[in-house]
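Below: protein36.txt (compact mmCIF, N, CA and C atoms)
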# COMPACT_ATOMS: atom_id res chain seq x y z
N MET O 1 97.63 214.19 -195.32
CA MET O 1 96.71 213.52 -196.21
C MET O 1 96.98 214.02 -197.63
N PRO O 2 97.01 213.11 -198.60
CA PRO O 2 97.22 213.52 -199.99
C PRO O 2 96.10 214.44 -200.46
N LEU O 3 96.44 215.33 -201.39
CA LEU O 3 95.47 216.28 -201.94
C LEU O 3 95.28 216.01 -203.42
N LEU O 4 94.03 216.08 -203.87
CA LEU O 4 93.73 215.89 -205.28
C LEU O 4 94.23 217.11 -206.06
N ASN O 5 95.11 216.90 -207.00
CA ASN O 5 95.75 217.98 -207.75
C ASN O 5 95.11 218.19 -209.11
N LYS O 6 94.95 217.12 -209.88
CA LYS O 6 94.38 217.21 -211.22
C LYS O 6 93.54 215.98 -211.50
N THR O 7 92.52 216.15 -212.34
CA THR O 7 91.71 215.02 -212.78
C THR O 7 91.47 215.15 -214.28
N ARG O 8 91.24 214.00 -214.90
CA ARG O 8 90.98 214.00 -216.34
C ARG O 8 90.11 212.80 -216.69
N VAL O 9 89.04 213.04 -217.44
CA VAL O 9 88.17 211.99 -217.96
C VAL O 9 88.13 212.16 -219.47
N VAL O 10 88.45 211.08 -220.20
CA VAL O 10 88.57 211.16 -221.66
C VAL O 10 87.65 210.15 -222.33
N GLY O 11 86.91 210.62 -223.31
CA GLY O 11 86.12 209.76 -224.19
C GLY O 11 84.94 209.07 -223.55
N ALA O 12 84.20 209.76 -222.70
CA ALA O 12 83.10 209.12 -221.97
C ALA O 12 81.75 209.72 -222.36
N ARG O 13 80.85 208.87 -222.81
CA ARG O 13 79.46 209.27 -223.08
C ARG O 13 78.60 208.77 -221.92
N PHE O 14 77.55 209.54 -221.60
CA PHE O 14 76.65 209.15 -220.52
C PHE O 14 75.29 209.75 -220.77
N ASN O 15 74.32 209.49 -219.90
CA ASN O 15 72.93 209.93 -220.07
C ASN O 15 72.38 209.50 -221.42
N ASN O 16 72.42 208.20 -221.66
CA ASN O 16 71.93 207.61 -222.91
C ASN O 16 72.61 208.18 -224.14
N GLY O 17 73.87 208.51 -224.01
CA GLY O 17 74.65 209.01 -225.14
C GLY O 17 74.43 210.48 -225.46
N LYS O 18 73.63 211.17 -224.65
CA LYS O 18 73.32 212.58 -224.91
C LYS O 18 74.41 213.52 -224.43
N GLN O 19 75.19 213.12 -223.46
CA GLN O 19 76.26 213.94 -222.89
C GLN O 19 77.60 213.28 -223.19
N TYR O 20 78.65 214.08 -223.28
CA TYR O 20 79.94 213.55 -223.68
C TYR O 20 81.07 214.35 -223.04
N PHE O 21 82.00 213.64 -222.40
CA PHE O 21 83.24 214.26 -221.93
C PHE O 21 84.33 213.85 -222.91
N ASP O 22 84.65 214.72 -223.84
CA ASP O 22 85.70 214.44 -224.80
C ASP O 22 87.05 214.40 -224.11
N ASP O 23 87.33 215.45 -223.35
CA ASP O 23 88.59 215.54 -222.59
C ASP O 23 88.36 216.54 -221.46
N LEU O 24 87.71 216.10 -220.40
CA LEU O 24 87.37 216.96 -219.26
C LEU O 24 88.53 216.98 -218.29
N ARG O 25 89.04 218.17 -218.00
CA ARG O 25 90.16 218.31 -217.07
C ARG O 25 89.82 219.33 -215.99
N PHE O 26 90.21 219.00 -214.76
CA PHE O 26 90.13 219.95 -213.65
C PHE O 26 91.51 220.04 -213.02
N ASP O 27 91.97 221.23 -212.79
CA ASP O 27 93.26 221.46 -212.15
C ASP O 27 93.00 222.23 -210.87
N SER O 28 92.88 221.48 -209.76
CA SER O 28 92.55 222.10 -208.48
C SER O 28 93.78 222.57 -207.73
N GLN O 29 94.96 222.17 -208.17
CA GLN O 29 96.23 222.54 -207.54
C GLN O 29 96.22 222.23 -206.05
N GLY O 30 95.57 221.13 -205.68
CA GLY O 30 95.54 220.70 -204.29
C GLY O 30 94.55 221.46 -203.44
N GLY O 31 93.74 222.30 -204.05
CA GLY O 31 92.77 223.10 -203.30
C GLY O 31 91.35 222.59 -203.48
N MET O 32 90.41 223.40 -203.12
CA MET O 32 89.00 223.06 -203.24
C MET O 32 88.51 223.32 -204.65
N VAL O 33 87.52 222.54 -205.06
CA VAL O 33 86.89 222.70 -206.37
C VAL O 33 85.39 222.61 -206.19
N VAL O 34 84.67 223.49 -206.85
CA VAL O 34 83.22 223.41 -206.90
C VAL O 34 82.86 223.03 -208.33
N VAL O 35 82.15 221.91 -208.49
CA VAL O 35 81.72 221.48 -209.81
C VAL O 35 80.27 221.93 -209.97
N ASP O 36 80.06 222.93 -210.80
CA ASP O 36 78.75 223.54 -210.99
C ASP O 36 78.31 223.29 -212.42
N MET O 37 77.37 222.37 -212.59
CA MET O 37 76.82 222.05 -213.91
C MET O 37 75.31 221.97 -213.80
N VAL O 38 74.64 222.07 -214.93
CA VAL O 38 73.19 221.92 -214.95
C VAL O 38 72.83 220.49 -214.58
N ASN O 39 71.56 220.26 -214.22
CA ASN O 39 71.11 218.90 -213.95
C ASN O 39 71.33 218.05 -215.19
N GLY O 40 71.90 216.88 -215.01
CA GLY O 40 72.19 216.01 -216.13
C GLY O 40 73.49 216.35 -216.83
N GLY O 41 74.25 217.29 -216.27
CA GLY O 41 75.50 217.72 -216.90
C GLY O 41 76.67 216.79 -216.67
N GLY O 42 76.55 215.86 -215.72
CA GLY O 42 77.58 214.87 -215.52
C GLY O 42 78.34 214.96 -214.21
N LYS O 43 77.84 215.70 -213.24
CA LYS O 43 78.54 215.83 -211.95
C LYS O 43 78.70 214.47 -211.28
N SER O 44 77.61 213.74 -211.14
CA SER O 44 77.67 212.43 -210.49
C SER O 44 78.51 211.46 -211.30
N PHE O 45 78.37 211.51 -212.62
CA PHE O 45 79.16 210.64 -213.48
C PHE O 45 80.65 210.94 -213.32
N TYR O 46 80.99 212.20 -213.25
CA TYR O 46 82.38 212.62 -213.07
C TYR O 46 82.94 212.07 -211.75
N ILE O 47 82.18 212.22 -210.67
CA ILE O 47 82.61 211.71 -209.36
C ILE O 47 82.74 210.19 -209.40
N GLN O 48 81.82 209.52 -210.08
CA GLN O 48 81.90 208.06 -210.22
C GLN O 48 83.19 207.66 -210.93
N CYS O 49 83.56 208.37 -211.99
CA CYS O 49 84.80 208.07 -212.72
C CYS O 49 86.03 208.28 -211.84
N ILE O 50 86.05 209.39 -211.12
CA ILE O 50 87.19 209.69 -210.25
C ILE O 50 87.29 208.63 -209.16
N GLY O 51 86.15 208.22 -208.62
CA GLY O 51 86.14 207.20 -207.59
C GLY O 51 86.71 205.86 -208.06
N GLN O 52 86.54 205.56 -209.33
CA GLN O 52 87.06 204.29 -209.86
C GLN O 52 88.58 204.24 -209.83
N THR O 53 89.25 205.38 -209.83
CA THR O 53 90.71 205.37 -209.75
C THR O 53 91.19 205.05 -208.34
N ILE O 54 90.33 205.29 -207.34
CA ILE O 54 90.68 205.05 -205.95
C ILE O 54 90.23 203.66 -205.50
N ILE O 55 88.97 203.35 -205.77
CA ILE O 55 88.39 202.06 -205.39
C ILE O 55 87.71 201.46 -206.63
N PRO O 56 88.40 200.61 -207.37
CA PRO O 56 87.81 200.03 -208.58
C PRO O 56 86.50 199.30 -208.29
N ASN O 57 85.56 199.44 -209.20
CA ASN O 57 84.23 198.83 -209.11
C ASN O 57 83.43 199.33 -207.91
N SER O 58 83.79 200.50 -207.39
CA SER O 58 83.05 201.06 -206.27
C SER O 58 81.67 201.52 -206.73
N LEU O 59 80.74 201.53 -205.81
CA LEU O 59 79.37 201.92 -206.09
C LEU O 59 79.10 203.23 -205.36
N TRP O 60 79.04 204.33 -206.09
CA TRP O 60 78.86 205.65 -205.49
C TRP O 60 77.40 206.08 -205.49
N GLN O 61 76.59 205.38 -206.25
CA GLN O 61 75.15 205.60 -206.24
C GLN O 61 74.49 204.23 -206.16
N LYS O 62 73.45 204.10 -205.38
CA LYS O 62 72.79 202.81 -205.20
C LYS O 62 72.26 202.24 -206.50
N ASP O 63 71.73 203.10 -207.34
CA ASP O 63 71.03 202.64 -208.54
C ASP O 63 71.87 202.70 -209.82
N TRP O 64 73.19 202.84 -209.68
CA TRP O 64 74.01 202.97 -210.88
C TRP O 64 75.37 202.33 -210.67
N GLU O 65 75.67 201.33 -211.49
CA GLU O 65 76.98 200.70 -211.46
C GLU O 65 77.80 201.21 -212.63
N PHE O 66 79.10 201.21 -212.48
CA PHE O 66 79.97 201.76 -213.52
C PHE O 66 79.83 201.03 -214.84
N LYS O 67 79.51 199.75 -214.82
CA LYS O 67 79.39 198.99 -216.06
C LYS O 67 78.30 199.57 -216.98
N GLU O 68 77.36 200.34 -216.42
CA GLU O 68 76.30 200.94 -217.22
C GLU O 68 76.83 201.99 -218.19
N VAL O 69 78.08 202.41 -218.01
CA VAL O 69 78.72 203.33 -218.95
C VAL O 69 78.74 202.69 -220.34
N PHE O 70 78.79 201.35 -220.37
CA PHE O 70 78.89 200.65 -221.64
C PHE O 70 77.53 200.17 -222.15
N ASP O 71 76.46 200.77 -221.66
CA ASP O 71 75.14 200.50 -222.20
C ASP O 71 75.15 200.87 -223.68
N VAL O 72 74.39 200.14 -224.49
CA VAL O 72 74.37 200.36 -225.94
C VAL O 72 74.06 201.81 -226.29
N LYS O 73 73.17 202.47 -225.55
CA LYS O 73 72.78 203.85 -225.86
C LYS O 73 73.93 204.83 -225.70
N ASN O 74 74.89 204.53 -224.83
CA ASN O 74 76.00 205.45 -224.60
C ASN O 74 77.07 205.37 -225.68
N LYS O 75 77.14 204.28 -226.41
CA LYS O 75 78.08 204.11 -227.53
C LYS O 75 79.55 204.24 -227.12
N ASN O 76 79.87 203.93 -225.89
CA ASN O 76 81.27 203.98 -225.45
C ASN O 76 82.00 202.71 -225.87
N THR O 77 83.26 202.85 -226.20
CA THR O 77 84.10 201.69 -226.46
C THR O 77 85.29 201.66 -225.50
N VAL O 78 85.89 202.82 -225.25
CA VAL O 78 87.02 202.94 -224.33
C VAL O 78 86.90 204.24 -223.54
N ILE O 79 87.17 204.16 -222.25
CA ILE O 79 87.16 205.35 -221.39
C ILE O 79 88.46 205.38 -220.60
N HIS O 80 89.03 206.56 -220.46
CA HIS O 80 90.22 206.74 -219.63
C HIS O 80 89.90 207.75 -218.53
N CYS O 81 90.43 207.51 -217.36
CA CYS O 81 90.28 208.45 -216.25
C CYS O 81 91.57 208.47 -215.45
N GLN O 82 92.02 209.67 -215.11
CA GLN O 82 93.26 209.82 -214.35
C GLN O 82 93.08 210.81 -213.22
N THR O 83 93.77 210.55 -212.12
CA THR O 83 93.83 211.51 -211.02
C THR O 83 95.30 211.69 -210.63
N GLU O 84 95.65 212.91 -210.33
CA GLU O 84 97.00 213.20 -209.84
C GLU O 84 96.87 213.73 -208.42
N TRP O 85 97.66 213.16 -207.52
CA TRP O 85 97.61 213.51 -206.10
C TRP O 85 98.93 214.15 -205.68
N VAL O 86 98.85 215.17 -204.83
CA VAL O 86 100.03 215.74 -204.19
C VAL O 86 100.20 214.97 -202.88
N LEU O 87 101.33 214.31 -202.73
CA LEU O 87 101.57 213.49 -201.55
C LEU O 87 102.05 214.34 -200.37
N ASP O 88 101.86 213.81 -199.17
CA ASP O 88 102.36 214.47 -197.96
C ASP O 88 103.87 214.62 -198.06
N SER O 89 104.37 215.71 -197.54
CA SER O 89 105.82 215.94 -197.63
C SER O 89 106.53 215.84 -196.28
N ASN O 90 105.81 215.50 -195.22
CA ASN O 90 106.46 215.41 -193.91
C ASN O 90 106.42 213.99 -193.39
N GLY O 91 107.23 213.70 -192.43
CA GLY O 91 107.25 212.38 -191.81
C GLY O 91 108.41 211.53 -192.30
N GLU O 92 108.63 210.43 -191.62
CA GLU O 92 109.74 209.55 -191.93
C GLU O 92 109.50 208.70 -193.17
N ASP O 93 108.23 208.52 -193.56
CA ASP O 93 107.91 207.67 -194.71
C ASP O 93 108.15 208.37 -196.04
N ASN O 94 108.49 209.62 -196.03
CA ASN O 94 108.70 210.36 -197.26
C ASN O 94 109.97 209.84 -197.95
N VAL O 95 109.81 209.34 -199.16
CA VAL O 95 110.96 208.83 -199.91
C VAL O 95 111.29 209.74 -201.09
N GLY O 96 110.81 210.95 -201.05
CA GLY O 96 111.14 211.91 -202.09
C GLY O 96 110.11 212.05 -203.19
N TYR O 97 109.05 211.26 -203.16
CA TYR O 97 108.01 211.38 -204.18
C TYR O 97 107.06 212.51 -203.81
N LYS O 98 106.70 213.32 -204.79
CA LYS O 98 105.80 214.44 -204.52
C LYS O 98 104.40 214.20 -205.08
N TYR O 99 104.29 213.37 -206.12
CA TYR O 99 103.01 213.18 -206.79
C TYR O 99 102.74 211.69 -207.00
N LEU O 100 101.46 211.37 -207.12
CA LEU O 100 101.03 210.03 -207.48
C LEU O 100 99.99 210.19 -208.59
N LEU O 101 100.18 209.50 -209.69
CA LEU O 101 99.22 209.49 -210.78
C LEU O 101 98.54 208.13 -210.78
N ALA O 102 97.23 208.12 -210.64
CA ALA O 102 96.45 206.88 -210.66
C ALA O 102 95.40 207.01 -211.74
N GLY O 103 95.11 205.92 -212.40
CA GLY O 103 94.11 205.98 -213.45
C GLY O 103 93.64 204.61 -213.85
N PHE O 104 92.72 204.59 -214.79
CA PHE O 104 92.25 203.32 -215.32
C PHE O 104 91.78 203.53 -216.75
N CYS O 105 91.74 202.43 -217.45
CA CYS O 105 91.17 202.37 -218.79
C CYS O 105 90.11 201.30 -218.75
N ALA O 106 88.92 201.61 -219.20
CA ALA O 106 87.83 200.63 -219.24
C ALA O 106 87.46 200.39 -220.70
N ILE O 107 87.23 199.12 -221.03
CA ILE O 107 86.97 198.71 -222.40
C ILE O 107 85.62 198.03 -222.47
N LYS O 108 84.89 198.31 -223.55
CA LYS O 108 83.55 197.76 -223.74
C LYS O 108 83.55 196.24 -223.61
N PRO O 109 82.56 195.69 -222.87
CA PRO O 109 82.49 194.23 -222.73
C PRO O 109 81.99 193.57 -224.00
N THR O 110 82.20 192.30 -224.08
CA THR O 110 81.69 191.55 -225.21
C THR O 110 80.21 191.26 -224.99
N THR O 111 79.50 191.10 -226.08
CA THR O 111 78.07 190.82 -225.98
C THR O 111 77.82 189.33 -226.16
N ALA O 112 76.70 188.88 -225.65
CA ALA O 112 76.29 187.48 -225.80
C ALA O 112 74.77 187.45 -225.74
N LEU O 113 74.19 186.35 -226.16
CA LEU O 113 72.75 186.17 -226.07
C LEU O 113 72.45 185.29 -224.87
N ASP O 114 71.46 185.72 -224.05
CA ASP O 114 71.08 184.89 -222.92
C ASP O 114 70.10 183.81 -223.41
N GLU O 115 69.56 183.02 -222.51
CA GLU O 115 68.69 181.91 -222.90
C GLU O 115 67.38 182.37 -223.54
N ASP O 116 67.00 183.62 -223.32
CA ASP O 116 65.78 184.16 -223.94
C ASP O 116 66.07 184.87 -225.26
N GLY O 117 67.33 184.85 -225.69
CA GLY O 117 67.69 185.52 -226.94
C GLY O 117 67.96 187.00 -226.79
N GLU O 118 68.00 187.49 -225.55
CA GLU O 118 68.27 188.91 -225.29
C GLU O 118 69.78 189.16 -225.26
N VAL O 119 70.18 190.32 -225.74
CA VAL O 119 71.60 190.67 -225.70
C VAL O 119 71.99 191.02 -224.27
N THR O 120 73.06 190.42 -223.78
CA THR O 120 73.58 190.73 -222.46
C THR O 120 75.05 191.10 -222.59
N TYR O 121 75.57 191.71 -221.56
CA TYR O 121 76.96 192.12 -221.57
C TYR O 121 77.71 191.44 -220.44
N GLY O 122 78.93 191.02 -220.74
CA GLY O 122 79.79 190.48 -219.71
C GLY O 122 80.39 191.63 -218.92
N ARG O 123 81.37 191.31 -218.11
CA ARG O 123 82.06 192.37 -217.37
C ARG O 123 82.89 193.17 -218.34
N TYR O 124 82.95 194.44 -218.11
CA TYR O 124 83.80 195.28 -218.95
C TYR O 124 85.26 195.02 -218.61
N GLY O 125 86.11 195.16 -219.61
CA GLY O 125 87.53 195.01 -219.36
C GLY O 125 88.10 196.29 -218.76
N ARG O 126 89.06 196.14 -217.91
CA ARG O 126 89.67 197.34 -217.32
C ARG O 126 91.08 197.01 -216.86
N PHE O 127 91.90 198.04 -216.85
CA PHE O 127 93.19 197.92 -216.19
C PHE O 127 93.48 199.23 -215.50
N SER O 128 94.10 199.12 -214.36
CA SER O 128 94.47 200.29 -213.57
C SER O 128 95.95 200.55 -213.76
N TYR O 129 96.34 201.79 -213.62
CA TYR O 129 97.76 202.10 -213.67
C TYR O 129 98.10 203.14 -212.60
N ILE O 130 99.30 203.03 -212.09
CA ILE O 130 99.79 203.96 -211.08
C ILE O 130 101.15 204.45 -211.54

Take the structure in this file and express it as structure tokens.
Amino acid sequence: MPLLNKTRVVGARFNNGKQYFDDLRFDSQGGMVVVDMVNGGGKSFYIQCIGQTIIPNSLWQKDWEFKEVFDVKNKNTVIHCQTEWVLDSNGEDNVGYKYLLAGFCAIKPTTALDEDGEVTYGRYGRFSYI
């Protein structure tokens, strides 16, 4: 089974813009990691970002979708997230690759007015890269 080697979240505001990951990096070297932060420090948000590199638009919390990152209060325009995986080295399927880098870039959606004159947001733009 592949092992998570490194993660990186860049330029992400959350918790109504009060918290910010300028350039958060974890280097687990394929081992275990304990993420110990105060309440509201961004543990769940960090896991949500990492999850988006594996399953785009995944829902890791019932009451929070990733598009909420682009809520007006958070002031986000672009977010990058990357994960590096150490691949299995045994078996016949091994073609010599040792690592896999997966990531995504999410871009603020465009705004529009709904029929009541309220500001709404379309889907955020995103692209994945491997």

field: All residues 6 Å or closer to stretch 78-84 of chain O, only C-alpha atoms, same chain fewer than 6 positions away omitted, as a PyMOL selection string
entry: chain O and resi 5-12+100-107

field: Nearest to O:Leu87, chosen from O:Gly30, O:Gly51, O:Pro56, O:Gly17, with only C-alpha atoms counted in the distances
entry: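 For O:Leu87, the nearest of the candidates is O:Gly30.
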
task: Apply DSSP to the structure's backbone, then extract all residues of stretch 14-59 of chain O labelled strand (DSSP E) and return them as a PyMOL selection string.
output: chain O and resi 14+19-27

Two-atom distance - atom CA of O:Leu4, atom CA of O:Phe21 (Å):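 For atom CA of O:Leu4 relative to atom CA of O:Phe21, the distance reads 19.7 Å.
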
- prompt: Taking only C-alpha atoms into account, which of O:Tyr129, O:Phe66, O:Tyr20, O:Tyr124 comes nearest O:Pro109?
  reply: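 Checking each candidate against O:Pro109, we get O:Tyr124 as the closest.
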
- prompt: What separation in Å, quoted to one decimal, exists between atom CA of O:Asn16 and atom CA of O:Ile47?
  reply: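 Computing the Euclidean distance for atom CA of O:Asn16 and atom CA of O:Ile47 yields 17.7 Å.
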
Minimum-distance residue to O:Phe14, chosen among O:Asn57, O:Asp63, O:Gln29, O:Lys75 (using only C-alpha atoms):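 Among O:Asn57, O:Asp63, O:Gln29, O:Lys75, it is O:Lys75 that comes nearest to O:Phe14.
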
task: From chain O, collect each residue whose DSSP state is helix (DSSP H, G or I) and return the set as JSON, numbers by chain.
output: {"O": [43, 44, 45, 46, 47, 48, 49, 50, 51, 52, 53, 54, 66, 67, 68, 69, 70, 72, 73, 74]}

Produce the centre coordinates and the three edge lengths, each in Å to one decimal, of the box along x, y and z that contains all listed atoms of stretch 44-59 of chain O with 8 Å added on each side, as JSON.
{"center_x": 84.4, "center_y": 206.3, "center_z": -209.4, "size_x": 29.6, "size_y": 30.9, "size_z": 24.1}

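Of the listed residues O:Tyr46, O:Phe127, O:Trp60, O:Tyr99, the one whose atoms come nearest to O:Asp23 is O:Tyr46, with distances taken using only C-alpha atoms.
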
- prompt: What is the atom CA of O:Glu65-atom CA of O:Gly31 distance in Å, reported with one decimal?
  reply: 28.6 Å

query: For the point (73.5, 205.7, -215.5) in file coordinates, what residues are within 6 Å, counting all atoms listed in the file? Give the answer as a PyMOL selection string?
result: chain O and resi 15+64+68

I need the chosen residues saved as a short mmCIF file (atom, residue, chain, number, x, y, z; two decimals), in the coordinates of the input, with N, CA and C atoms.
data_model
loop_
_atom_site.label_atom_id
_atom_site.label_comp_id
_atom_site.auth_asym_id
_atom_site.auth_seq_id
_atom_site.Cartn_x
_atom_site.Cartn_y
_atom_site.Cartn_z
N ASN O 15 74.32 209.49 -219.90
CA ASN O 15 72.93 209.93 -220.07
C ASN O 15 72.38 209.50 -221.42
N TRP O 64 73.19 202.84 -209.68
CA TRP O 64 74.01 202.97 -210.88
C TRP O 64 75.37 202.33 -210.67
N GLU O 68 77.36 200.34 -216.42
CA GLU O 68 76.30 200.94 -217.22
C GLU O 68 76.83 201.99 -218.19
#

query: Nearest to O:Ile50: which of O:Lys18, O:Pro2, O:Phe26, O:Arg13 is it, counting only C-alpha atoms?
result: O:Phe26

task: Select, from O:Asn39, O:Ser58, O:Ser28, O:Asn76, the residue with the minimum atom-to-atom distance to O:Lys108, counting only N, CA and C atoms.
output: O:Asn76
